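To start, the structure under review is shown below, and the notes come after it.
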Amino acid sequence: MASLKDLRMKIVSVKSTRKITSAMKMVAASKLRRAQTAAEAARPFAERMERMLGTLAASLAGQSGAPKMLTGTGADKVHLLVAVTADRGLCGGFNSTIVRATKLMAADLLKQGKVVKILPVGRKAREQLKRDYGQYMIEGFEQLGRKGIVFAEADQVACHIAAMFEAEEFDVCTVIYNRFKSAIAQELTRQQLIPFPLPAQAAKADVGAKATYEFEPDEETILAEILPRNLATQMFRSLLESQASEQAARMTAMDNATRNAGDMINALAIKYNRSRQAQITKELIEIISGAEAL
Amino acid sequence: MAEKIQFELVSPAKLLVSSPVDMVVVPGSEGDFGALVLHSPMITTVRPGVIVVHDGGKISSSTFVAGGFAEVNEERITVLAEEAIPVGDLTQEMAAVRKKLAKEARDDAKTDREKSNAERLTLIAEAMAEAISGAKH
């Protein structure tokens with residue numbers, strides 16, 4: 001049995017762990033609020049961009065010469081998977097969900113005889129995918145959004161992807177990230193970026209309007225400009241959603257850890273008290289039996 | 001003028017402006033245009049420049065944008081801008097920094113892509129300087 005001193009030290013150590021996890025929970029909670037506001041504030045831009053794109057695509061529908069970024073290369077051979085995770089751990093299943101989904105998808109694609117490339121965003125994606133899928137990995141991005149995500153960072157990622165696409169290094173691009181649903185639920189999302197699938201609703205709604213829109217300079221030019229922007233916008237959105245989800249996941253995980261530490265301290269305290277009592281009883285018995293023997 | 005046009009200025013980070021105004025003058029890529037209510041529907045690219053909002057017979061605000069897209073229809077005008085700064089907040093230093101960055105990008109540019117990007121930066125820097133001098137007059 002552990003000695004009293006061992007027990008005391010263990011209690012102290014669990015107590016300080018609890019302090020750390022509870023502090024991390026607070027930090028995550030306040031960061032979550034900020035990340036959530038940022039993610040919500042970014043929605044109007046993405047929505048309007050989608051609407052505009054829907055109008056453009058509807059008016060171009062059926063015409064040849066639409067940019068490849070919208071229609072695809074026609075091939076379905078090389079897949080680029082963008083796995084968006086956090087740079088840091090201690091956030092429950094947040095990172096491993098993404099990693100698991102990426103592995104599944106990669107394995108599936110490989111089985112179909114496709115070529116897979118993985119672009120990790122976030123340190124954890126690179127570290128956890130390195131062992132099994134290291135040979136498919138290309139250089140990724142880390143340390144994004146240390147002080148909140150800014151659009152320039154998303155743009156940087158998007159530019160990299162666009163450059164790769166232009167160099168015909170892949171045919172289909174899918175981004176895998178956690179969508180923020182609520183503080184306790186994150187939803188794993190696979191979103192195809194290239195070729196960009198148009199929201200069915202937007203395409204339908206604009207069928208009637210397409211004849212009446214004028215385009216300056218013309219559809220092709222605008223599309224050629226708007227598609228890379230759209231790529232950046234979608235990337236920006238997934239980064240923001242991922243950031244909010246990360247904080248939410250960390251908050252939940254740290255809340256659990258704090259509670260577990262509390263339970264552990266209670267259990268240890270009972271054990272400590274019991275063994276202290278046992279020792280006192282033992283000493284008393286020793287004294288009494290010693291006195292009786294005289 | 002009885003009716004107003006709904007003006008929306010959106011940056012990737014947030015919805016900056018959403019209010020009914022009399023007229024908006026936007027620097028379109030094919031030339032500046034003013035959008036009033038009942039404007040015919042159109043979509044255009046926006047070059048770096050200043051968006052001027054007219055309301056109640058005077059200029060109510062002017063905002064510098066570093067390019068983007070505009071969608072106009074009968075009741076509203078939506079401008080998607082990657083960067084939008086009120087002209088009053090622009091400073092000479094900001095323009096100088098931009099100019100320097102643009103120059104560096106131009107000097108470093110090797111591929112076509114980098115060149116076109118540098119050109120874009122240069123245009124933005126020039127438009128910014130112009131916006132500042134325009135605000136002073």
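Residue names in the structure tokens use chain letters A, B, ... in the order shown, residue numbers from 1 in each chain, and ligand numbers from 1 in the order shown.
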
Just the residues within 12 Å of Pro228 (chain A), please, counting only C-alpha atoms, with nothing from its chain fewer than 6 positions along; format it as an mmCIF file with C-alpha atoms, in the first residue's frame.
data_model
loop_
_atom_site.group_PDB
_atom_site.id
_atom_site.type_symbol
_atom_site.label_atom_id
_atom_site.label_comp_id
_atom_site.auth_asym_id
_atom_site.auth_seq_id
_atom_site.Cartn_x
_atom_site.Cartn_y
_atom_site.Cartn_z
ATOM 1 C CA MET A 49 -20.154 34.956 -53.324
ATOM 2 C CA LEU A 53 -21.273 32.421 -58.722
ATOM 3 C CA PRO A 67 -12.949 27.765 -66.681
ATOM 4 C CA LYS A 68 -11.580 24.406 -65.661
ATOM 5 C CA MET A 69 -11.800 25.277 -62.008
ATOM 6 C CA LEU A 70 -15.585 25.088 -62.334
ATOM 7 C CA ALA A 154 -6.607 31.556 -46.382
ATOM 8 C CA ASP A 155 -5.614 33.320 -49.576
ATOM 9 C CA GLN A 156 -2.103 31.962 -49.263
ATOM 10 C CA VAL A 157 -3.399 28.393 -48.995
ATOM 11 C CA ALA A 158 -5.852 28.965 -51.842
ATOM 12 C CA CYS A 159 -3.133 30.425 -54.075
ATOM 13 C CA HIS A 160 -0.989 27.381 -53.425
ATOM 14 C CA ILE A 161 -3.849 25.057 -54.355
ATOM 15 C CA ALA A 162 -4.705 27.129 -57.434
ATOM 16 C CA ALA A 163 -1.086 27.079 -58.581
ATOM 17 C CA PHE A 165 -4.211 23.004 -60.148
ATOM 18 C CA GLU A 166 -2.861 25.146 -62.946
ATOM 19 C CA LEU A 193 -13.492 22.610 -53.866
ATOM 20 C CA ILE A 194 -12.370 21.767 -57.373
ATOM 21 C CA PRO A 195 -14.371 21.316 -59.505
ATOM 22 C CA PHE A 196 -16.657 23.538 -57.516
ATOM 23 C CA ILE A 222 -15.510 37.577 -64.260
ATOM 24 C CA GLN A 234 -14.185 28.591 -49.046
ATOM 25 C CA MET A 235 -10.770 27.962 -47.536
ATOM 26 C CA GLY B 68 -13.602 42.907 -55.801
#

- Write down, as a PyMOL selection string, each residue of chain A that has any atom within 8 Å of an atom of chain B, counting only C-alpha atoms. chain A and resi 38+41-46+48-49+52+150-151+212-217+222+226+233

Can I get the selection written as a JSON list (two decimals), in the first residue's frame, with C-alpha atoms?
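Below you can see part-v1.json, which holds the result:
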[["chain", "number", "residue", "atom", "x", "y", "z"],
["A", 38, "ALA", "CA", -15.61, 35.44, -36.54],
["A", 41, "ALA", "CA", -19.38, 37.26, -39.37],
["A", 42, "ALA", "CA", -17.75, 35.61, -42.37],
["A", 43, "ARG", "CA", -20.93, 33.94, -43.54],
["A", 44, "PRO", "CA", -22.48, 36.86, -45.49],
["A", 45, "PHE", "CA", -19.46, 37.10, -47.78],
["A", 46, "ALA", "CA", -19.48, 33.40, -48.59],
["A", 48, "ARG", "CA", -23.14, 36.38, -51.52],
["A", 49, "MET", "CA", -20.15, 34.96, -53.32],
["A", 52, "MET", "CA", -23.03, 35.56, -57.61],
["A", 150, "VAL", "CA", -7.08, 36.49, -41.35],
["A", 151, "PHE", "CA", -8.15, 36.32, -44.94],
["A", 212, "THR", "CA", -31.66, 39.69, -67.43],
["A", 213, "TYR", "CA", -28.20, 40.06, -65.93],
["A", 214, "GLU", "CA", -25.59, 42.08, -67.72],
["A", 215, "PHE", "CA", -21.96, 41.24, -67.27],
["A", 216, "GLU", "CA", -19.06, 43.59, -67.33],
["A", 217, "PRO", "CA", -16.55, 42.81, -68.84],
["A", 222, "ILE", "CA", -15.51, 37.58, -64.26],
["A", 226, "ILE", "CA", -14.11, 35.09, -59.11],
["A", 233, "THR", "CA", -13.34, 32.26, -49.46]]

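We find CA of Gly34 (chain B) and CA of Glu219 (chain A) to be spaced 21.0 Å apart.
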
Next item on the list: Just the residues within 12 Å of region 86-103 of chain B, please, counting only C-alpha atoms, with nothing from its chain fewer than 6 positions along; format it as a PyMOL selection string.
Entry: chain B and resi 9+16-17+49-53+60-66+109+114-136

Those selected residues, please, written with N, CA and C atoms and delivered as a short mmCIF file (atom, residue, chain, number, x, y, z; two decimals), in the first residue's frame.
data_model
loop_
_atom_site.label_atom_id
_atom_site.label_comp_id
_atom_site.auth_asym_id
_atom_site.auth_seq_id
_atom_site.Cartn_x
_atom_site.Cartn_y
_atom_site.Cartn_z
N LEU B 9 -21.90 46.34 -48.35
CA LEU B 9 -20.47 46.20 -48.57
C LEU B 9 -19.98 45.07 -47.67
N LEU B 16 -19.83 44.78 -43.71
CA LEU B 16 -19.39 46.09 -43.23
C LEU B 16 -20.53 47.10 -43.21
N VAL B 17 -21.25 47.17 -44.32
CA VAL B 17 -22.34 48.13 -44.41
C VAL B 17 -23.56 47.43 -44.95
N GLY B 49 -10.15 51.30 -55.95
CA GLY B 49 -10.60 52.69 -56.02
C GLY B 49 -11.52 53.01 -54.87
N VAL B 50 -12.27 54.09 -55.03
CA VAL B 50 -13.10 54.57 -53.93
C VAL B 50 -14.58 54.42 -54.27
N ILE B 51 -15.31 53.83 -53.35
CA ILE B 51 -16.76 53.74 -53.48
C ILE B 51 -17.36 54.93 -52.76
N VAL B 52 -18.15 55.72 -53.48
CA VAL B 52 -18.74 56.90 -52.87
C VAL B 52 -20.24 56.68 -52.70
N VAL B 53 -20.71 56.92 -51.50
CA VAL B 53 -22.13 56.74 -51.21
C VAL B 53 -22.78 58.11 -51.08
N SER B 60 -22.29 60.73 -48.20
CA SER B 60 -22.38 60.31 -46.80
C SER B 60 -21.17 59.49 -46.37
N SER B 61 -20.54 58.80 -47.31
CA SER B 61 -19.32 58.08 -46.93
C SER B 61 -18.53 57.73 -48.18
N SER B 62 -17.23 57.62 -48.03
CA SER B 62 -16.44 57.10 -49.14
C SER B 62 -15.45 56.08 -48.59
N THR B 63 -15.38 54.96 -49.26
CA THR B 63 -14.60 53.83 -48.78
C THR B 63 -13.65 53.37 -49.87
N PHE B 64 -12.40 53.14 -49.46
CA PHE B 64 -11.43 52.61 -50.41
C PHE B 64 -11.54 51.10 -50.45
N VAL B 65 -11.62 50.54 -51.66
CA VAL B 65 -11.62 49.08 -51.78
C VAL B 65 -10.48 48.65 -52.69
N ALA B 66 -9.89 47.51 -52.36
CA ALA B 66 -8.77 47.01 -53.14
C ALA B 66 -9.26 46.00 -54.17
N ALA B 109 9.36 39.21 -58.93
CA ALA B 109 8.48 38.38 -59.75
C ALA B 109 9.26 37.66 -60.84
N GLU B 114 3.33 35.49 -60.57
CA GLU B 114 3.87 36.49 -59.65
C GLU B 114 3.85 37.88 -60.28
N LYS B 115 4.09 37.91 -61.57
CA LYS B 115 4.09 39.20 -62.26
C LYS B 115 2.72 39.84 -62.23
N SER B 116 1.71 39.02 -62.50
CA SER B 116 0.36 39.60 -62.52
C SER B 116 -0.06 40.01 -61.12
N ASN B 117 0.41 39.25 -60.14
CA ASN B 117 0.11 39.60 -58.76
C ASN B 117 0.77 40.93 -58.39
N ALA B 118 2.02 41.09 -58.81
CA ALA B 118 2.76 42.32 -58.53
C ALA B 118 2.06 43.50 -59.20
N GLU B 119 1.56 43.26 -60.41
CA GLU B 119 0.88 44.32 -61.13
C GLU B 119 -0.37 44.76 -60.36
N ARG B 120 -1.06 43.75 -59.82
CA ARG B 120 -2.27 44.03 -59.06
C ARG B 120 -1.94 44.88 -57.82
N LEU B 121 -0.84 44.48 -57.14
CA LEU B 121 -0.41 45.23 -55.95
C LEU B 121 -0.09 46.67 -56.31
N THR B 122 0.58 46.85 -57.46
CA THR B 122 0.95 48.19 -57.90
C THR B 122 -0.30 49.02 -58.12
N LEU B 123 -1.28 48.41 -58.79
CA LEU B 123 -2.53 49.14 -59.06
C LEU B 123 -3.20 49.55 -57.75
N ILE B 124 -3.20 48.63 -56.78
CA ILE B 124 -3.83 48.94 -55.50
C ILE B 124 -3.12 50.10 -54.83
N ALA B 125 -1.77 50.04 -54.85
CA ALA B 125 -0.99 51.11 -54.21
C ALA B 125 -1.27 52.45 -54.87
N GLU B 126 -1.32 52.44 -56.21
CA GLU B 126 -1.58 53.70 -56.93
C GLU B 126 -2.96 54.25 -56.59
N ALA B 127 -3.94 53.33 -56.59
CA ALA B 127 -5.31 53.75 -56.31
C ALA B 127 -5.41 54.32 -54.91
N MET B 128 -4.63 53.72 -53.98
CA MET B 128 -4.68 54.19 -52.60
C MET B 128 -4.12 55.60 -52.49
N ALA B 129 -2.98 55.81 -53.16
CA ALA B 129 -2.37 57.14 -53.14
C ALA B 129 -3.33 58.16 -53.73
N GLU B 130 -3.99 57.76 -54.80
CA GLU B 130 -4.93 58.67 -55.46
C GLU B 130 -6.09 58.99 -54.54
N ALA B 131 -6.56 57.97 -53.82
CA ALA B 131 -7.68 58.17 -52.89
C ALA B 131 -7.31 59.17 -51.81
N ILE B 132 -6.05 59.09 -51.35
CA ILE B 132 -5.62 60.01 -50.29
C ILE B 132 -5.54 61.44 -50.80
N SER B 133 -4.94 61.59 -51.99
CA SER B 133 -4.82 62.95 -52.50
C SER B 133 -6.19 63.49 -52.87
N GLY B 134 -7.09 62.61 -53.29
CA GLY B 134 -8.44 63.03 -53.63
C GLY B 134 -9.20 63.51 -52.40
N ALA B 135 -8.92 62.85 -51.27
CA ALA B 135 -9.64 63.21 -50.05
C ALA B 135 -9.21 64.57 -49.53
N LYS B 136 -7.97 64.96 -49.85
CA LYS B 136 -7.45 66.23 -49.34
C LYS B 136 -8.07 67.43 -50.04
#

Legend entry - Residues near Val21 (chain B), cut-off 12 Å, only C-alpha atoms, skip fewer than 6 positions along chain, as a ChimeraX atom specification: /B:1-8,34-37,52-61,75-77

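Shortest separation to Asn266 (chain A) among A:Ala244, A:Met251, A:Ile11, A:Met26 occurs at residue A:Ile11, atoms counted being only C-alpha atoms.
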
Between CA of Asp76 (chain A) and CA of Arg126 (chain A) lies a distance of 25.0 Å

DSSP strand (DSSP E or B) residues within region 167-274 of chain A, as a compact mmCIF listing (two decimals) with N, CA and C atoms, in the first residue's frame:
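Okay, this is what ended up in selection23.txt:
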# COMPACT_ATOMS: atom_id res chain seq x y z
N VAL A 172 -9.08 16.59 -58.69
CA VAL A 172 -10.18 16.86 -57.77
C VAL A 172 -9.59 17.27 -56.42
N CYS A 173 -10.14 18.30 -55.84
CA CYS A 173 -9.63 18.76 -54.54
C CYS A 173 -10.76 18.71 -53.51
N THR A 174 -10.50 18.04 -52.42
CA THR A 174 -11.50 17.95 -51.35
C THR A 174 -10.87 18.43 -50.05
N VAL A 175 -11.61 19.23 -49.33
CA VAL A 175 -11.09 19.68 -48.04
C VAL A 175 -11.88 18.97 -46.94
N ILE A 176 -11.15 18.49 -45.94
CA ILE A 176 -11.77 17.76 -44.83
C ILE A 176 -11.57 18.60 -43.57
N TYR A 177 -12.66 19.01 -42.96
CA TYR A 177 -12.53 19.83 -41.76
C TYR A 177 -13.72 19.59 -40.84
N ASN A 178 -13.62 20.12 -39.64
CA ASN A 178 -14.72 20.03 -38.68
C ASN A 178 -15.58 21.27 -38.80
N ARG A 179 -16.85 21.06 -39.11
CA ARG A 179 -17.76 22.20 -39.16
C ARG A 179 -18.32 22.43 -37.76
N PHE A 180 -18.39 23.68 -37.40
CA PHE A 180 -18.86 24.03 -36.07
C PHE A 180 -20.39 24.01 -36.04
N LYS A 181 -20.94 23.11 -35.22
CA LYS A 181 -22.39 23.07 -35.10
C LYS A 181 -22.84 23.76 -33.82
N SER A 182 -22.26 23.34 -32.73
CA SER A 182 -22.54 24.01 -31.46
C SER A 182 -21.34 23.74 -30.56
N ALA A 185 -21.02 20.03 -30.29
CA ALA A 185 -21.04 19.14 -31.46
C ALA A 185 -20.28 19.76 -32.63
N GLN A 186 -19.38 18.96 -33.18
CA GLN A 186 -18.71 19.36 -34.40
C GLN A 186 -19.02 18.30 -35.44
N GLU A 187 -19.13 18.76 -36.67
CA GLU A 187 -19.53 17.84 -37.71
C GLU A 187 -18.39 17.69 -38.70
N LEU A 188 -18.01 16.45 -38.93
CA LEU A 188 -16.97 16.20 -39.90
C LEU A 188 -17.52 16.50 -41.30
N THR A 189 -16.79 17.32 -42.05
CA THR A 189 -17.30 17.74 -43.34
C THR A 189 -16.27 17.48 -44.43
N ARG A 190 -16.73 16.88 -45.51
CA ARG A 190 -15.86 16.75 -46.68
C ARG A 190 -16.45 17.64 -47.76
N GLN A 191 -15.69 18.64 -48.15
CA GLN A 191 -16.22 19.56 -49.14
C GLN A 191 -15.33 19.57 -50.38
N GLN A 192 -15.98 19.40 -51.51
CA GLN A 192 -15.20 19.41 -52.75
C GLN A 192 -15.01 20.85 -53.19
N LEU A 193 -13.77 21.23 -53.46
CA LEU A 193 -13.49 22.61 -53.87
C LEU A 193 -13.32 22.72 -55.38
N ILE A 194 -12.61 21.75 -55.93
CA ILE A 194 -12.37 21.77 -57.37
C ILE A 194 -12.71 20.40 -57.93
N GLU A 214 -26.64 41.64 -66.81
CA GLU A 214 -25.59 42.08 -67.72
C GLU A 214 -24.27 41.78 -67.06
N PHE A 215 -23.26 41.53 -67.86
CA PHE A 215 -21.96 41.24 -67.27
C PHE A 215 -20.90 42.18 -67.82
N GLU A 216 -20.14 42.71 -66.93
CA GLU A 216 -19.06 43.59 -67.33
C GLU A 216 -17.77 43.06 -66.73

* region 34-258 of chain A: which residues are helix (DSSP H, G or I) by DSSP, as number ranges by chain? -> A: 34-41, 43-60, 68-71, 94-111, 123-136, 151-166, 200-205, 219-258

Could you write out the selected residues, including C-alpha atoms, as a compact mmCIF listing (two decimals), in the first residue's frame?
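New file selection.txt:
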# COMPACT_ATOMS: atom_id res chain seq x y z
CA ARG A 34 -14.24 35.00 -30.48
CA ALA A 35 -13.84 32.25 -33.07
CA GLN A 36 -17.57 31.72 -33.21
CA THR A 37 -18.24 35.40 -33.83
CA ALA A 38 -15.61 35.44 -36.54
CA ALA A 39 -17.09 32.37 -38.22
CA GLU A 40 -20.56 33.86 -38.13
CA ALA A 41 -19.38 37.26 -39.37
CA ARG A 43 -20.93 33.94 -43.54
CA PRO A 44 -22.48 36.86 -45.49
CA PHE A 45 -19.46 37.10 -47.78
CA ALA A 46 -19.48 33.40 -48.59
CA GLU A 47 -23.24 33.43 -49.14
CA ARG A 48 -23.14 36.38 -51.52
CA MET A 49 -20.15 34.96 -53.32
CA GLU A 50 -22.09 31.74 -53.82
CA ARG A 51 -25.11 33.62 -55.11
CA MET A 52 -23.03 35.56 -57.61
CA LEU A 53 -21.27 32.42 -58.72
CA GLY A 54 -24.61 30.69 -59.14
CA THR A 55 -25.85 33.47 -61.42
CA LEU A 56 -22.66 33.40 -63.46
CA ALA A 57 -22.62 29.66 -63.81
CA ALA A 58 -26.29 29.55 -64.75
CA SER A 59 -25.72 32.04 -67.54
CA LEU A 60 -22.68 30.13 -68.76
CA LYS A 68 -11.58 24.41 -65.66
CA MET A 69 -11.80 25.28 -62.01
CA LEU A 70 -15.59 25.09 -62.33
CA THR A 71 -15.98 22.17 -64.70
CA PHE A 94 -10.87 16.82 -32.79
CA ASN A 95 -7.66 15.99 -34.61
CA SER A 96 -8.05 12.25 -34.74
CA THR A 97 -11.49 12.51 -36.36
CA ILE A 98 -9.96 14.41 -39.25
CA VAL A 99 -7.01 12.08 -39.47
CA ARG A 100 -9.23 9.02 -39.42
CA ALA A 101 -11.51 10.43 -42.12
CA THR A 102 -8.54 11.38 -44.27
CA LYS A 103 -7.01 7.91 -43.92
CA LEU A 104 -10.31 6.26 -44.79
CA MET A 105 -10.79 8.40 -47.83
CA ALA A 106 -7.21 7.96 -48.97
CA ALA A 107 -7.41 4.19 -48.56
CA ASP A 108 -10.67 4.12 -50.47
CA LEU A 109 -9.27 6.17 -53.34
CA LEU A 110 -6.10 4.12 -53.48
CA LYS A 111 -8.17 0.95 -53.70
CA ARG A 123 0.79 20.48 -37.33
CA LYS A 124 -1.27 17.58 -36.01
CA ALA A 125 -2.40 16.50 -39.47
CA ARG A 126 1.19 16.22 -40.61
CA GLU A 127 2.38 14.42 -37.51
CA GLN A 128 -0.42 11.89 -37.39
CA LEU A 129 -0.57 11.15 -41.09
CA LYS A 130 3.17 10.93 -41.54
CA ARG A 131 3.51 7.34 -40.42
CA ASP A 132 1.01 5.66 -42.72
CA TYR A 133 0.63 8.11 -45.54
CA GLY A 134 3.97 9.90 -45.51
CA GLN A 135 4.74 9.09 -49.11
CA TYR A 136 1.57 10.78 -50.34
CA PHE A 151 -8.15 36.32 -44.94
CA ALA A 152 -4.59 36.67 -46.22
CA GLU A 153 -3.70 33.30 -44.70
CA ALA A 154 -6.61 31.56 -46.38
CA ASP A 155 -5.61 33.32 -49.58
CA GLN A 156 -2.10 31.96 -49.26
CA VAL A 157 -3.40 28.39 -48.99
CA ALA A 158 -5.85 28.97 -51.84
CA CYS A 159 -3.13 30.43 -54.07
CA HIS A 160 -0.99 27.38 -53.43
CA ILE A 161 -3.85 25.06 -54.35
CA ALA A 162 -4.71 27.13 -57.43
CA ALA A 163 -1.09 27.08 -58.58
CA MET A 164 -1.01 23.31 -58.17
CA PHE A 165 -4.21 23.00 -60.15
CA GLU A 166 -2.86 25.15 -62.95
CA ALA A 200 -28.47 23.27 -56.32
CA GLN A 201 -30.68 25.92 -54.83
CA ALA A 202 -28.68 28.84 -56.18
CA ALA A 203 -28.57 27.34 -59.63
CA LYS A 204 -32.31 26.82 -59.63
CA ALA A 205 -33.21 30.21 -58.29
CA GLU A 219 -18.92 36.09 -68.01
CA GLU A 220 -15.63 34.36 -68.72
CA THR A 221 -13.49 37.18 -67.41
CA ILE A 222 -15.51 37.58 -64.26
CA LEU A 223 -15.55 33.84 -63.67
CA ALA A 224 -11.81 33.63 -64.15
CA GLU A 225 -11.45 36.28 -61.46
CA ILE A 226 -14.11 35.09 -59.11
CA LEU A 227 -13.17 31.40 -58.99
CA PRO A 228 -9.78 31.81 -57.30
CA ARG A 229 -11.43 34.30 -54.93
CA ASN A 230 -14.12 31.75 -54.23
CA LEU A 231 -11.47 29.16 -53.49
CA ALA A 232 -9.93 31.51 -50.95
CA THR A 233 -13.34 32.26 -49.46
CA GLN A 234 -14.19 28.59 -49.05
CA MET A 235 -10.77 27.96 -47.54
CA PHE A 236 -11.26 30.91 -45.21
CA ARG A 237 -14.60 29.54 -44.15
CA SER A 238 -13.25 26.06 -43.43
CA LEU A 239 -10.34 27.52 -41.45
CA LEU A 240 -12.71 29.62 -39.36
CA GLU A 241 -15.11 26.74 -38.79
CA SER A 242 -12.20 24.50 -37.88
CA GLN A 243 -10.85 27.08 -35.47
CA ALA A 244 -14.20 27.44 -33.71
CA SER A 245 -14.60 23.66 -33.58
CA GLU A 246 -11.13 23.24 -32.15
CA GLN A 247 -11.85 25.59 -29.28
CA ALA A 248 -15.21 23.96 -28.65
CA ALA A 249 -13.66 20.50 -28.66
CA ARG A 250 -10.91 21.65 -26.33
CA MET A 251 -13.40 23.23 -24.00
CA THR A 252 -15.41 20.01 -23.74
CA ALA A 253 -12.30 17.86 -23.34
CA MET A 254 -10.87 20.10 -20.64
CA ASP A 255 -14.20 20.25 -18.86
CA ASN A 256 -14.22 16.46 -18.72
CA ALA A 257 -10.61 16.37 -17.58
CA THR A 258 -11.33 18.86 -14.81

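CA of Ile265 (chain A) sits 11.3 Å away from CA of Met9 (chain A).
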
Write out as a PDB file with N, CA and C atoms, in the first residue's frame which residues come within 12 Å of region 275-287 of chain A when counting only C-alpha atoms, dropping same-chain ones fewer than 3 positions away.
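selection08.pdb, written as the output of this step:
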ATOM      1  N   MET A   1       0.842  -1.213   0.000  1.00  0.00           N
ATOM      2  CA  MET A   1       0.000   0.000   0.000  1.00  0.00           C
ATOM      3  C   MET A   1       0.869   1.253   0.000  1.00  0.00           C
ATOM      4  N   ALA A   2       0.377   2.251  -0.720  1.00  0.00           N
ATOM      5  CA  ALA A   2       1.148   3.493  -0.797  1.00  0.00           C
ATOM      6  C   ALA A   2       1.213   4.148   0.575  1.00  0.00           C
ATOM      7  N   SER A   3       2.332   4.747   0.848  1.00  0.00           N
ATOM      8  CA  SER A   3       2.474   5.399   2.143  1.00  0.00           C
ATOM      9  C   SER A   3       1.682   6.701   2.155  1.00  0.00           C
ATOM     10  N   LEU A   4       1.518   7.247   3.352  1.00  0.00           N
ATOM     11  CA  LEU A   4       0.766   8.499   3.476  1.00  0.00           C
ATOM     12  C   LEU A   4       1.390   9.617   2.665  1.00  0.00           C
ATOM     13  N   LYS A   5       2.712   9.631   2.688  1.00  0.00           N
ATOM     14  CA  LYS A   5       3.406  10.713   1.991  1.00  0.00           C
ATOM     15  C   LYS A   5       3.176  10.607   0.482  1.00  0.00           C
ATOM     16  N   ASP A   6       3.225   9.357  -0.023  1.00  0.00           N
ATOM     17  CA  ASP A   6       2.977   9.150  -1.453  1.00  0.00           C
ATOM     18  C   ASP A   6       1.598   9.651  -1.837  1.00  0.00           C
ATOM     19  N   LEU A   7       0.616   9.293  -0.984  1.00  0.00           N
ATOM     20  CA  LEU A   7      -0.756   9.699  -1.273  1.00  0.00           C
ATOM     21  C   LEU A   7      -0.891  11.217  -1.294  1.00  0.00           C
ATOM     22  N   ARG A   8      -0.242  11.843  -0.319  1.00  0.00           N
ATOM     23  CA  ARG A   8      -0.333  13.302  -0.227  1.00  0.00           C
ATOM     24  C   ARG A   8       0.243  13.939  -1.485  1.00  0.00           C
ATOM     25  N   LEU A 268      -8.928   9.824  -3.834  1.00  0.00           N
ATOM     26  CA  LEU A 268      -7.625   9.796  -3.164  1.00  0.00           C
ATOM     27  C   LEU A 268      -7.735  10.307  -1.733  1.00  0.00           C
ATOM     28  N   ALA A 269      -8.577  11.341  -1.547  1.00  0.00           N
ATOM     29  CA  ALA A 269      -8.719  11.914  -0.209  1.00  0.00           C
ATOM     30  C   ALA A 269      -9.308  10.880   0.743  1.00  0.00           C
ATOM     31  N   ILE A 270     -10.286  10.123   0.251  1.00  0.00           N
ATOM     32  CA  ILE A 270     -10.886   9.079   1.094  1.00  0.00           C
ATOM     33  C   ILE A 270      -9.832   8.033   1.451  1.00  0.00           C
ATOM     34  N   LYS A 271      -9.078   7.640   0.449  1.00  0.00           N
ATOM     35  CA  LYS A 271      -8.046   6.639   0.671  1.00  0.00           C
ATOM     36  C   LYS A 271      -7.011   7.150   1.687  1.00  0.00           C
ATOM     37  N   TYR A 272      -6.649   8.431   1.506  1.00  0.00           N
ATOM     38  CA  TYR A 272      -5.663   9.049   2.404  1.00  0.00           C
ATOM     39  C   TYR A 272      -6.173   9.047   3.832  1.00  0.00           C
ATOM     40  N   GLY A 290       1.649  -2.609  24.391  1.00  0.00           N
ATOM     41  CA  GLY A 290       2.948  -2.438  25.045  1.00  0.00           C
ATOM     42  C   GLY A 290       2.756  -2.213  26.544  1.00  0.00           C
ATOM     43  N   ALA A 291       1.731  -1.359  26.908  1.00  0.00           N
ATOM     44  CA  ALA A 291       1.472  -1.046  28.311  1.00  0.00           C
ATOM     45  C   ALA A 291       0.993  -2.278  29.062  1.00  0.00           C
ATOM     46  N   GLU A 292       0.132  -3.081  28.340  1.00  0.00           N
ATOM     47  CA  GLU A 292      -0.394  -4.286  28.988  1.00  0.00           C
ATOM     48  C   GLU A 292       0.706  -5.307  29.283  1.00  0.00           C
ATOM     49  N   ALA A 293       1.665  -5.362  28.427  1.00  0.00           N
ATOM     50  CA  ALA A 293       2.729  -6.354  28.557  1.00  0.00           C
ATOM     51  C   ALA A 293       3.610  -6.079  29.770  1.00  0.00           C
ATOM     52  N   LEU A 294       3.602  -4.820  30.230  1.00  0.00           N
ATOM     53  CA  LEU A 294       4.465  -4.485  31.357  1.00  0.00           C
ATOM     54  C   LEU A 294       4.022  -5.131  32.678  1.00  0.00           C
TER      55      LEU A 294
END
